[in-house]
file work_17.cif (mmCIF, C-alpha atoms)
data_entry
#
loop_
_atom_site.label_atom_id
_atom_site.label_comp_id
_atom_site.auth_asym_id
_atom_site.auth_seq_id
_atom_site.Cartn_x
_atom_site.Cartn_y
_atom_site.Cartn_z
CA MET G 1 106.02 109.39 128.75
CA SER G 2 109.11 111.15 130.04
CA PRO G 3 111.92 111.54 127.49
CA ASP G 4 114.35 109.99 129.96
CA SER G 5 112.36 106.73 129.97
CA ARG G 6 113.25 106.35 126.28
CA THR G 7 116.85 107.56 126.26
CA SER G 8 119.03 106.41 123.35
CA SER G 9 122.11 104.34 124.06
CA PRO G 10 125.50 106.11 123.78
CA ASN G 11 126.63 103.11 121.76
CA ASP G 12 123.76 103.38 119.29
CA ALA G 13 125.31 103.81 115.84
CA ARG G 14 122.92 106.61 114.99
CA THR G 15 124.29 108.72 117.83
CA ARG G 16 127.95 108.41 116.84
CA THR G 17 127.51 110.77 113.89
CA ALA G 18 125.01 113.56 113.42
CA ASP G 19 124.23 116.57 111.29
CA ILE G 20 123.64 118.69 114.39
CA VAL G 21 124.54 118.03 118.03
CA ILE G 22 122.80 120.07 120.73
CA LEU G 23 124.38 120.24 124.18
CA GLY G 24 121.86 120.67 126.97
CA ALA G 25 118.31 119.38 127.42
CA GLY G 26 116.84 122.37 129.18
CA VAL G 27 114.20 124.65 127.68
CA MET G 28 116.69 126.10 125.16
CA GLY G 29 118.26 122.89 123.89
CA ALA G 30 114.91 121.10 123.76
CA SER G 31 113.26 124.02 121.95
CA ILE G 32 116.04 124.18 119.37
CA ALA G 33 115.80 120.42 118.80
CA PHE G 34 112.04 120.62 118.35
CA HIS G 35 112.15 123.45 115.84
CA LEU G 36 114.95 121.81 113.85
CA ALA G 37 113.11 118.50 113.81
CA LYS G 38 109.96 120.20 112.53
CA ARG G 39 111.97 121.30 109.52
CA ARG G 40 113.53 117.87 109.01
CA ALA G 41 117.02 119.26 109.53
CA GLY G 42 118.73 115.86 109.40
CA ARG G 43 120.19 113.69 112.13
CA ILE G 44 119.93 115.60 115.40
CA VAL G 45 121.37 114.39 118.69
CA VAL G 46 120.71 116.09 122.05
CA ILE G 47 123.01 115.26 124.96
CA ASP G 48 122.80 116.27 128.60
CA LYS G 49 125.12 115.66 131.53
CA GLY G 50 122.10 114.80 133.66
CA HIS G 51 118.47 114.59 132.66
CA VAL G 52 116.02 116.82 130.83
CA ALA G 53 115.35 120.10 132.70
CA GLN G 54 117.58 119.04 135.61
CA GLY G 55 119.52 122.33 135.51
CA GLY G 56 118.08 125.83 135.58
CA SER G 57 114.91 124.94 133.67
CA GLY G 58 113.55 122.77 136.45
CA ARG G 59 114.29 125.49 139.02
CA SER G 60 112.90 128.40 137.03
CA SER G 61 110.29 130.74 138.49
CA ALA G 62 108.92 130.64 134.92
CA LEU G 63 107.45 134.12 134.60
CA VAL G 64 105.88 134.90 131.23
CA ARG G 65 105.89 138.64 130.47
CA MET G 66 106.49 140.95 127.54
CA HIS G 67 107.99 143.90 129.36
CA TYR G 68 111.50 144.56 128.11
CA SER G 69 113.23 147.80 127.20
CA TYR G 70 114.88 146.25 124.12
CA ALA G 71 112.62 145.64 121.12
CA PRO G 72 114.04 142.25 119.95
CA GLU G 73 113.46 140.82 123.43
CA VAL G 74 109.87 142.05 123.32
CA GLN G 75 109.44 140.37 119.93
CA LEU G 76 110.91 137.10 121.22
CA ALA G 77 108.61 137.20 124.25
CA LEU G 78 105.55 137.89 122.11
CA VAL G 79 106.30 135.04 119.69
CA SER G 80 106.78 132.78 122.72
CA LEU G 81 103.52 133.90 124.32
CA ARG G 82 101.60 132.85 121.22
CA MET G 83 103.16 129.40 121.50
CA PHE G 84 102.37 129.15 125.22
CA GLU G 85 98.78 130.16 124.49
CA HIS G 86 98.45 127.46 121.82
CA TRP G 87 100.64 124.80 123.41
CA ARG G 88 98.57 121.84 122.24
CA ASP G 89 98.79 123.07 118.66
CA THR G 90 102.54 123.57 119.10
CA VAL G 91 103.67 120.32 120.77
CA GLY G 92 100.53 118.24 121.23
CA GLU G 93 100.32 118.62 125.02
CA GLU G 94 98.01 120.68 127.21
CA GLY G 95 100.84 122.66 128.82
CA ASP G 96 100.80 124.53 132.12
CA PHE G 97 100.71 128.20 131.16
CA ARG G 98 98.60 130.17 133.64
CA ARG G 99 97.35 133.60 132.65
CA THR G 100 97.39 135.74 135.79
CA GLY G 101 98.35 139.13 134.39
CA PHE G 102 101.67 140.87 134.96
CA VAL G 103 102.62 144.24 136.46
CA ARG G 104 105.91 146.13 136.05
CA ILE G 105 106.75 148.70 138.73
CA VAL G 106 109.82 150.88 138.17
CA HIS G 107 111.76 153.33 140.31
CA PRO G 108 109.90 156.66 140.77
CA GLY G 109 112.45 158.50 138.64
CA GLU G 110 111.95 156.13 135.71
CA THR G 111 108.27 156.75 134.95
CA GLU G 112 109.06 158.45 131.64
CA ARG G 113 111.15 155.45 130.60
CA LEU G 114 108.22 153.21 131.50
CA LYS G 115 105.93 155.28 129.27
CA GLN G 116 108.35 155.07 126.35
CA ASN G 117 108.81 151.32 126.73
CA VAL G 118 105.08 150.68 126.89
CA LYS G 119 104.66 152.78 123.76
CA MET G 120 107.29 150.68 122.00
CA GLN G 121 105.74 147.42 123.21
CA ARG G 122 102.29 148.43 122.00
CA LYS G 123 103.69 149.22 118.56
CA LEU G 124 105.09 145.69 118.45
CA GLY G 125 101.68 144.21 119.26
CA VAL G 126 101.83 143.65 123.02
CA ASN G 127 98.56 143.92 124.93
CA VAL G 128 99.81 146.31 127.62
CA LYS G 129 98.60 149.52 129.17
CA LEU G 130 99.64 152.03 131.80
CA ILE G 131 97.62 152.03 135.01
CA ASP G 132 97.76 154.44 137.95
CA ARG G 133 97.84 153.53 141.63
CA VAL G 134 94.04 153.60 141.93
CA GLU G 135 93.66 151.07 139.12
CA LEU G 136 96.51 148.99 140.50
CA LYS G 137 94.93 148.91 143.96
CA ALA G 138 91.65 147.77 142.46
CA LEU G 139 93.49 145.05 140.56
CA GLU G 140 95.58 143.92 143.54
CA PRO G 141 93.99 145.01 146.83
CA ASP G 142 96.67 143.27 148.92
CA TRP G 143 99.46 145.43 147.50
CA ALA G 144 100.74 148.69 149.03
CA VAL G 145 100.86 151.10 146.08
CA ASP G 146 101.00 154.63 147.50
CA ASP G 147 104.47 155.11 145.99
CA VAL G 148 103.40 154.02 142.49
CA GLU G 149 102.68 156.79 140.01
CA LEU G 150 102.21 154.50 137.01
CA ALA G 151 102.72 150.79 136.33
CA ALA G 152 102.59 148.70 133.18
CA TYR G 153 99.88 146.03 133.12
CA GLU G 154 99.79 143.03 130.77
CA PRO G 155 96.55 141.05 131.15
CA ASP G 156 97.73 138.18 128.91
CA SER G 157 100.90 137.31 130.82
CA GLY G 158 101.47 134.97 133.75
CA TYR G 159 103.69 131.99 134.45
CA GLY G 160 104.43 128.45 133.30
CA ASP G 161 106.50 125.40 134.19
CA GLY G 162 110.12 125.13 133.06
CA ALA G 163 110.44 121.38 133.47
CA GLY G 164 107.16 120.81 131.68
CA VAL G 165 108.13 122.96 128.71
CA ALA G 166 111.51 121.26 128.30
CA ASN G 167 109.95 117.81 128.55
CA ASP G 168 107.19 118.64 126.07
CA PHE G 169 109.62 120.07 123.53
CA LEU G 170 112.00 117.13 123.83
CA THR G 171 109.26 114.49 123.76
CA ARG G 172 107.85 115.92 120.53
CA ALA G 173 111.35 116.32 119.06
CA ARG G 174 112.05 112.65 119.73
CA GLU G 175 108.78 111.68 118.11
CA LEU G 176 110.09 113.56 115.07
CA GLY G 177 113.32 111.53 115.08
CA VAL G 178 115.73 113.36 117.41
CA ALA G 179 118.06 111.12 119.43
CA TYR G 180 118.60 111.97 123.10
CA LEU G 181 121.46 110.91 125.37
CA SER G 182 121.05 111.61 129.07
CA LYS G 183 123.89 111.21 131.59
CA THR G 184 126.31 112.09 128.80
CA GLY G 185 128.67 114.89 129.68
CA ALA G 186 130.29 117.08 127.03
CA LEU G 187 134.05 117.13 127.56
CA GLU G 188 135.47 119.21 124.72
CA PHE G 189 134.59 120.55 121.31
CA LEU G 190 136.43 118.84 118.47
CA VAL G 191 137.90 121.52 116.21
CA GLU G 192 139.84 120.98 113.00
CA ALA G 193 141.15 123.66 110.61
CA GLY G 194 138.96 126.41 111.97
CA ARG G 195 135.70 124.53 112.13
CA VAL G 196 133.95 122.24 114.58
CA SER G 197 133.95 118.53 113.78
CA GLY G 198 132.04 117.21 116.75
CA ILE G 199 132.11 116.81 120.50
CA SER G 200 133.94 114.43 122.83
CA THR G 201 131.85 113.12 125.71
CA ASP G 202 132.39 110.87 128.69
CA HIS G 203 130.80 108.11 126.56
CA GLY G 204 132.90 108.70 123.45
CA GLY G 205 132.90 111.13 120.56
CA ILE G 206 130.10 112.30 118.29
CA THR G 207 131.08 113.54 114.85
CA ALA G 208 129.05 116.48 113.51
CA PRO G 209 129.65 119.59 111.37
CA VAL G 210 127.38 121.68 113.61
CA VAL G 211 127.38 121.84 117.42
CA VAL G 212 125.05 124.08 119.42
CA SER G 213 125.90 124.66 123.08
CA ALA G 214 122.84 125.46 125.21
CA THR G 215 124.58 124.66 128.48
CA GLY G 216 123.65 127.63 130.68
CA PRO G 217 126.06 128.17 133.59
CA TRP G 218 128.36 125.38 132.36
CA THR G 219 129.05 127.27 129.12
CA GLY G 220 132.13 129.27 130.08
CA PRO G 221 134.41 126.41 131.18
CA LEU G 222 133.39 124.29 128.18
CA PHE G 223 134.46 126.96 125.71
CA GLN G 224 137.60 127.81 127.67
CA ARG G 225 138.88 124.27 127.03
CA VAL G 226 139.33 125.20 123.37
CA GLY G 227 140.69 128.67 124.12
CA ILE G 228 137.44 130.65 123.74
CA ASP G 229 136.56 133.08 126.53
CA LEU G 230 132.88 133.93 126.67
CA PRO G 231 131.81 136.67 129.12
CA ILE G 232 129.46 134.51 131.17
CA GLU G 233 129.50 134.53 134.96
CA THR G 234 127.47 132.38 137.32
CA GLU G 235 125.16 133.90 139.92
CA TYR G 236 123.50 132.09 142.84
CA HIS G 237 119.83 132.85 143.57
CA GLN G 238 117.25 131.88 146.17
CA VAL G 239 113.47 131.85 145.85
CA ALA G 240 110.89 131.66 148.64
CA ILE G 241 107.59 129.77 148.38
CA LEU G 242 105.03 130.96 150.94
CA LYS G 243 101.58 129.76 151.93
CA ASN G 244 98.99 132.50 151.57
CA VAL G 245 97.46 133.83 154.78
CA PRO G 246 93.70 133.06 155.03
CA ASP G 247 92.45 136.50 153.93
CA MET G 248 94.92 136.91 151.08
CA LYS G 249 93.80 137.03 147.45
CA GLY G 250 94.99 133.99 145.52
CA GLY G 251 96.01 133.70 141.89
CA GLY G 252 96.98 137.35 141.48
CA CYS G 253 99.27 139.10 139.04
CA ALA G 254 102.93 138.38 138.61
CA CYS G 255 105.13 141.41 139.22
CA ILE G 256 108.62 142.76 138.77
CA ASP G 257 109.11 145.53 141.33
CA SER G 258 112.20 147.70 141.09
CA VAL G 259 111.41 149.49 144.36
CA SER G 260 111.72 146.34 146.47
CA ALA G 261 114.16 144.70 144.01
CA THR G 262 112.02 141.57 144.00
CA TYR G 263 109.80 139.72 141.58
CA PHE G 264 106.84 137.69 142.71
CA ARG G 265 103.84 135.76 141.49
CA SER G 266 101.06 133.56 142.73
CA ASP G 267 101.69 129.82 142.79
CA ALA G 268 98.30 128.24 142.11
CA GLN G 269 95.61 129.79 144.34
CA ASP G 270 97.12 129.15 147.75
CA LYS G 271 100.84 129.95 147.47
CA PHE G 272 103.12 132.88 146.66
CA LEU G 273 106.59 132.85 145.07
CA ILE G 274 109.22 135.56 145.68
CA GLY G 275 112.59 135.98 143.99
CA ASP G 276 115.47 138.43 144.20
CA PHE G 277 116.99 140.70 141.53
CA TYR G 278 120.56 140.01 142.56
CA GLY G 279 122.68 137.11 143.75
CA GLN G 280 126.19 136.01 144.64
CA ARG G 281 128.58 135.80 141.69
CA GLY G 282 131.01 132.96 141.03
CA ALA G 283 128.92 130.02 142.22
CA ASP G 284 129.82 126.50 141.10
CA PRO G 285 126.84 125.11 139.11
CA ASP G 286 127.76 121.58 140.19
CA HIS G 287 128.20 122.41 143.88
CA PHE G 288 125.87 125.06 145.27
CA PRO G 289 123.51 125.01 148.27
CA GLN G 290 120.45 122.92 147.48
CA ARG G 291 118.64 124.39 150.45
CA ALA G 292 117.96 128.11 150.70
CA SER G 293 119.27 129.79 153.84
CA ASP G 294 116.83 131.02 156.45
CA ASP G 295 118.54 134.41 156.53
CA GLY G 296 118.42 134.73 152.76
CA LEU G 297 114.72 133.91 152.55
CA GLU G 298 113.92 136.21 155.46
CA GLU G 299 115.63 139.12 153.71
CA ILE G 300 113.79 138.53 150.41
CA ILE G 301 110.43 138.20 152.19
CA GLU G 302 111.06 141.37 154.20
CA ARG G 303 111.60 143.41 151.03
CA ALA G 304 108.63 141.91 149.20
CA SER G 305 106.45 142.59 152.25
CA ARG G 306 106.89 146.30 151.65
CA ARG G 307 104.83 145.79 148.51
CA VAL G 308 102.57 143.01 149.80
CA PRO G 309 102.28 143.57 153.59
CA LYS G 310 100.31 140.37 154.27
CA LEU G 311 103.40 138.35 153.38
CA GLU G 312 104.85 139.27 156.79
CA ASN G 313 102.54 136.69 158.36
CA ALA G 314 102.75 134.05 155.63
CA GLU G 315 104.20 130.62 156.36
CA VAL G 316 107.42 129.74 154.54
CA MET G 317 106.81 126.40 152.84
CA ARG G 318 110.19 125.94 151.18
CA GLY G 319 113.04 127.61 149.35
CA VAL G 320 114.38 126.95 145.86
CA THR G 321 117.96 127.63 144.77
CA GLY G 322 119.51 127.90 141.34
CA ILE G 323 122.28 129.36 139.19
CA TYR G 324 121.93 132.07 136.53
CA ASP G 325 124.31 132.43 133.59
CA MET G 326 124.96 136.18 133.47
CA THR G 327 126.47 138.36 130.73
CA PRO G 328 127.76 141.94 131.13
CA ASP G 329 124.62 143.43 129.53
CA SER G 330 122.29 140.77 131.02
CA ARG G 331 121.32 139.57 127.55
CA PRO G 332 122.06 136.24 125.85
CA LEU G 333 124.82 135.20 123.51
CA LEU G 334 123.21 133.78 120.38
CA GLY G 335 125.10 132.79 117.28
CA GLU G 336 128.16 131.28 115.68
CA ILE G 337 131.55 131.58 117.34
CA SER G 338 133.95 133.71 115.32
CA GLY G 339 136.85 131.63 114.00
CA VAL G 340 135.16 128.25 114.56
CA ALA G 341 132.69 127.55 111.76
CA GLY G 342 129.74 125.43 112.78
CA LEU G 343 130.07 126.08 116.53
CA TYR G 344 127.13 127.98 118.02
CA VAL G 345 126.30 129.23 121.49
CA CYS G 346 122.88 129.81 123.03
CA ALA G 347 123.50 130.88 126.62
CA GLY G 348 123.84 133.82 128.99
CA PHE G 349 120.13 134.40 129.53
CA SER G 350 120.77 136.06 132.90
CA GLY G 351 117.73 134.55 134.61
CA MET G 352 115.25 135.58 131.92
CA GLY G 353 115.37 132.69 129.47
CA PHE G 354 112.24 130.65 130.14
CA LYS G 355 109.74 133.19 128.82
CA ILE G 356 111.50 133.49 125.46
CA SER G 357 112.61 129.86 125.07
CA PRO G 358 109.96 128.85 122.50
CA ALA G 359 111.00 131.71 120.21
CA ILE G 360 114.71 131.15 120.85
CA GLY G 361 114.40 127.61 119.53
CA LEU G 362 112.65 128.94 116.44
CA VAL G 363 115.15 131.71 115.64
CA MET G 364 118.15 129.50 116.37
CA SER G 365 116.76 126.92 113.95
CA GLU G 366 116.41 129.70 111.37
CA LEU G 367 119.96 130.84 112.01
CA LEU G 368 121.26 127.31 111.47
CA LEU G 369 119.17 126.53 108.40
CA ASP G 370 118.59 129.92 106.78
CA GLY G 371 121.66 131.85 107.90
CA ARG G 372 119.75 134.37 110.02
CA GLY G 373 116.89 134.76 112.44
CA LYS G 374 113.92 135.49 110.20
CA THR G 375 111.08 135.64 112.71
CA VAL G 376 113.11 137.99 114.92
CA ASP G 377 116.45 139.59 114.04
CA ILE G 378 118.89 138.26 116.65
CA SER G 379 122.08 139.60 115.08
CA SER G 380 122.62 142.08 117.94
CA PHE G 381 122.93 139.15 120.37
CA CYS G 382 126.04 137.85 118.58
CA PRO G 383 128.65 136.26 120.88
CA GLY G 384 131.40 138.66 119.75
CA ARG G 385 129.62 141.89 120.62
CA PHE G 386 131.60 142.57 123.78
CA ALA G 387 134.96 142.02 122.10
CA ALA G 388 133.75 144.42 119.40
CA GLY G 389 132.71 146.99 122.00
CA LYS G 390 129.03 146.67 121.15
CA PRO G 391 127.13 145.60 124.26
CA ILE G 392 123.37 145.94 123.97
CA LYS G 393 122.03 149.18 125.39
CA ALA G 394 118.33 149.93 125.05
CA GLU G 395 117.21 153.50 124.43
CA PHE G 396 115.06 153.67 127.54
CA GLU G 397 116.80 151.07 129.70
CA TYR G 398 116.07 150.88 133.42
CA LYS G 399 118.99 151.00 135.80
CA ASP G 400 118.23 147.47 136.99
CA ASP G 401 117.63 145.93 133.55
#

call {"tool": "encode", "arguments": {"input": "work_17.cif", "output": "structure tokens"}}
result
Amino acid sequence: MSPDSRTSSPNDARTRTADIVILGAGVMGASIAFHLAKRRAGRIVVIDKGHVAQGGSGRSSALVRMHYSYAPEVQLALVSLRMFEHWRDTVGEEGDFRRTGFVRIVHPGETERLKQNVKMQRKLGVNVKLIDRVELKALEPDWAVDDVELAAYEPDSGYGDGAGVANDFLTRARELGVAYLSKTGALEFLVEAGRVSGISTDHGGITAPVVVSATGPWTGPLFQRVGIDLPIETEYHQVAILKNVPDMKGGGCACIDSVSATYFRSDAQDKFLIGDFYGQRGADPDHFPQRASDDGLEEIIERASRRVPKLENAEVMRGVTGIYDMTPDSRPLLGEISGVAGLYVCAGFSGMGFKISPAIGLVMSELLLDGRGKTVDISSFCPGRFAAGKPIKAEFEYKDD
């Protein structure tokens, strides 16, 4: 049963006060609610301006991969992978994680960085290895790999379904007692004497000593209404879905390819998904093109075809559009807002949130209940790091990280 078929009433007395209010019913908000509910954290209310997964989660390309240059992100991805692999044990549903393998191709001048990052990932427990162009060609015969010296290969990775994950998390959270209000827009944080006291919505106020904002590209304006400037910018992206040509291998590896500045993956056995590294900044998350432009898709496909030449003759089935919430170092803001006790932010995932969302819910629940992320140390992701002059910079960061 969909969570939206059992939505609580805004006038329900149990939703007028709460111990914790979570804004946003995407993969992040739903994951946080689930992990809090598992620990019986009190009265929890989730609100969303639309419906579950209606924002970025439902439009996500949903890659699952461990390859990051920053160790805490690797740890978050690995914890999440274990949950994806044991989804029924986690939430009681079958899930839709598909193990296809994943390949990371970097710029030719960054091979040494690739080696160092793979070494770090292996130390943290990731099943990853370096492969040369001969091994890569054997793995993916449709790819053009003459320019590849080495690539990182993760056999356990693949892709999932953003809407499915958000729905599963929220359904289980509600079974554990969480209240959910759809079509309930957050208007402004209620702040008294330096601490949050709740949230005003377009259906009235909710009193709570803790509010967690997991509102993606809507985060910046919401915080600005109470005089808090968070360094989050919106970015518009387009994704192409193609039908495989008859002689094309289906179900192959997902890939992030710095040379073509594209990422791509199979979509079941008969389709292929392609996305872009970069997009147009400053898009309105409430008013952006719902249909991808022909020119935009053509340009993405042309670049990806340099890596997978058979895509030149593939039929374009459709395009998907969406909005990223970007930070200056392309890493999320996780933690309590300085000067407003009880107000937390979980946003700024810069297009890479889905794959770590199960772990993010876990560590955010730990932060709220235990005072820190215990499973993974997330202190470096604190919202005030830019004001303090401490953006995250990995030791062997790629230039397009």

call {"tool": "resolve_selection", "arguments": {"input": "work_17.cif", "expression": "the PyMOL selection byres ((chain G and resi 228) around 12)", "output": "list in words"}}
result
Glu188, Phe189, Val191, Thr219, Gly220, Pro221, Leu222, Phe223, Gln224, Arg225, Val226, Gly227, Asp229, Leu230, Pro231, Ile232, Ile337, Ser338, Gly339, Val340, Leu343, Val345, Pro383, Gly384 and Ala387 of chain G

call {"tool": "residues_around", "arguments": {"input": "work_17.cif", "residues": "Lys390 of chain G", "least_positions_apart": "5", "cutoff": "12 Å", "atoms": "all atoms listed in the file", "output": "number ranges by chain"}}
result
G: 328-329, 379-385

call {"tool": "write_last_selection", "arguments": {"input": "work_17.cif", "atoms": "C-alpha atoms", "output": "PDB file, in the coordinates of the input"}}
result
ATOM      1  CA  PRO G 328     127.760 141.940 131.130  1.00  0.00           C
ATOM      2  CA  ASP G 329     124.620 143.430 129.530  1.00  0.00           C
ATOM      3  CA  SER G 379     122.080 139.600 115.080  1.00  0.00           C
ATOM      4  CA  SER G 380     122.620 142.080 117.940  1.00  0.00           C
ATOM      5  CA  PHE G 381     122.930 139.150 120.370  1.00  0.00           C
ATOM      6  CA  CYS G 382     126.040 137.850 118.580  1.00  0.00           C
ATOM      7  CA  PRO G 383     128.650 136.260 120.880  1.00  0.00           C
ATOM      8  CA  GLY G 384     131.400 138.660 119.750  1.00  0.00           C
ATOM      9  CA  ARG G 385     129.620 141.890 120.620  1.00  0.00           C
TER      10      ARG G 385
END

call {"tool": "closest_residue", "arguments": {"input": "work_17.cif", "among": "G:Ala214, G:Val118, G:Leu190, G:Val376", "to": "Ile47 of chain G", "atoms": "only C-alpha atoms"}}
result
G:Ala214

call {"tool": "closest_residue", "arguments": {"input": "work_17.cif", "among": "G:Leu130, G:Ala144, G:Ala186, G:Met364", "to": "Leu76 of chain G", "atoms": "only C-alpha atoms"}}
result
G:Met364

call {"tool": "resolve_selection", "arguments": {"input": "work_17.cif", "expression": "the PyMOL selection byres ((chain G and resi 237) around 12)", "output": "MDAnalysis selection string"}}
result
chainID G and resid 56 59:61 234:236 238:240 262 274:283 285 288:293 296:297 300 319:326 350:351

call {"tool": "closest_residue", "arguments": {"input": "work_17.cif", "among": "G:Ala30, G:Ala193, G:Val74, G:Val64", "to": "Ala394 of chain G", "atoms": "all atoms listed in the file"}}
result
G:Val74

call {"tool": "closest_residue", "arguments": {"input": "work_17.cif", "among": "G:Thr17, G:Asn244, G:Ser57, G:Thr375", "to": "Gly29 of chain G", "atoms": "only C-alpha atoms"}}
result
G:Ser57

call {"tool": "atom_distance", "arguments": {"input": "work_17.cif", "atom1": "atom CA of Phe354 of chain G", "atom2": "atom CA of Lys49 of chain G"}}
result
19.8 Å

call {"tool": "resolve_selection", "arguments": {"input": "work_17.cif", "expression": "the PyMOL selection byres ((chain G and resi 308) around 10)", "output": "list in words"}}
result
Glu140, Pro141, Asp142, Trp143, Ala144, Val145, Met248, Phe264, Ile301, Glu302, Arg303, Ala304, Ser305, Arg306, Arg307, Pro309, Lys310, Leu311 and Glu312 of chain G

call {"tool": "decode", "arguments": {"input": "work_17.cif", "residues": "segment 110-127 of chain G", "atoms": "N, CA and C atoms", "output": "tab-separated table (two decimals), in the first residue's frame"}}
result
chain	number	residue	atom	x	y	z
G	110	GLU	N	44.83	11.50	-14.29
G	110	GLU	CA	44.43	11.26	-12.90
G	110	GLU	C	44.51	9.78	-12.51
G	111	THR	N	45.27	9.01	-13.27
G	111	THR	CA	45.39	7.57	-12.99
G	111	THR	C	45.98	7.30	-11.62
G	112	GLU	N	46.97	8.09	-11.22
G	112	GLU	CA	47.58	7.88	-9.90
G	112	GLU	C	46.57	8.17	-8.79
G	113	ARG	N	45.74	9.18	-8.99
G	113	ARG	CA	44.69	9.47	-8.01
G	113	ARG	C	43.71	8.29	-7.93
G	114	LEU	N	43.38	7.73	-9.07
G	114	LEU	CA	42.50	6.57	-9.11
G	114	LEU	C	43.10	5.43	-8.29
G	115	LYS	N	44.38	5.18	-8.48
G	115	LYS	CA	45.05	4.10	-7.73
G	115	LYS	C	44.96	4.35	-6.22
G	116	GLN	N	45.22	5.58	-5.82
G	116	GLN	CA	45.20	5.90	-4.39
G	116	GLN	C	43.80	5.78	-3.81
G	117	ASN	N	42.80	6.19	-4.57
G	117	ASN	CA	41.43	6.09	-4.08
G	117	ASN	C	40.96	4.65	-3.99
G	118	VAL	N	41.33	3.84	-4.95
G	118	VAL	CA	40.98	2.41	-4.88
G	118	VAL	C	41.66	1.76	-3.68
G	119	LYS	N	42.89	2.12	-3.44
G	119	LYS	CA	43.60	1.61	-2.26
G	119	LYS	C	42.86	1.97	-0.97
G	120	MET	N	42.44	3.21	-0.87
G	120	MET	CA	41.69	3.67	0.29
G	120	MET	C	40.37	2.92	0.42
G	121	GLN	N	39.65	2.76	-0.69
G	121	GLN	CA	38.37	2.09	-0.67
G	121	GLN	C	38.51	0.63	-0.24
G	122	ARG	N	39.54	-0.03	-0.72
G	122	ARG	CA	39.76	-1.43	-0.34
G	122	ARG	C	40.04	-1.55	1.16
G	123	LYS	N	40.77	-0.60	1.70
G	123	LYS	CA	41.05	-0.62	3.15
G	123	LYS	C	39.76	-0.49	3.95
G	124	LEU	N	38.79	0.21	3.39
G	124	LEU	CA	37.52	0.41	4.08
G	124	LEU	C	36.54	-0.74	3.87
G	125	GLY	N	36.94	-1.71	3.05
G	125	GLY	CA	36.12	-2.91	2.86
G	125	GLY	C	35.36	-2.99	1.56
G	126	VAL	N	35.62	-2.09	0.61
G	126	VAL	CA	34.91	-2.11	-0.66
G	126	VAL	C	35.49	-3.21	-1.55
G	127	ASN	N	34.62	-3.93	-2.22
G	127	ASN	CA	35.03	-4.93	-3.20
G	127	ASN	C	35.28	-4.21	-4.53
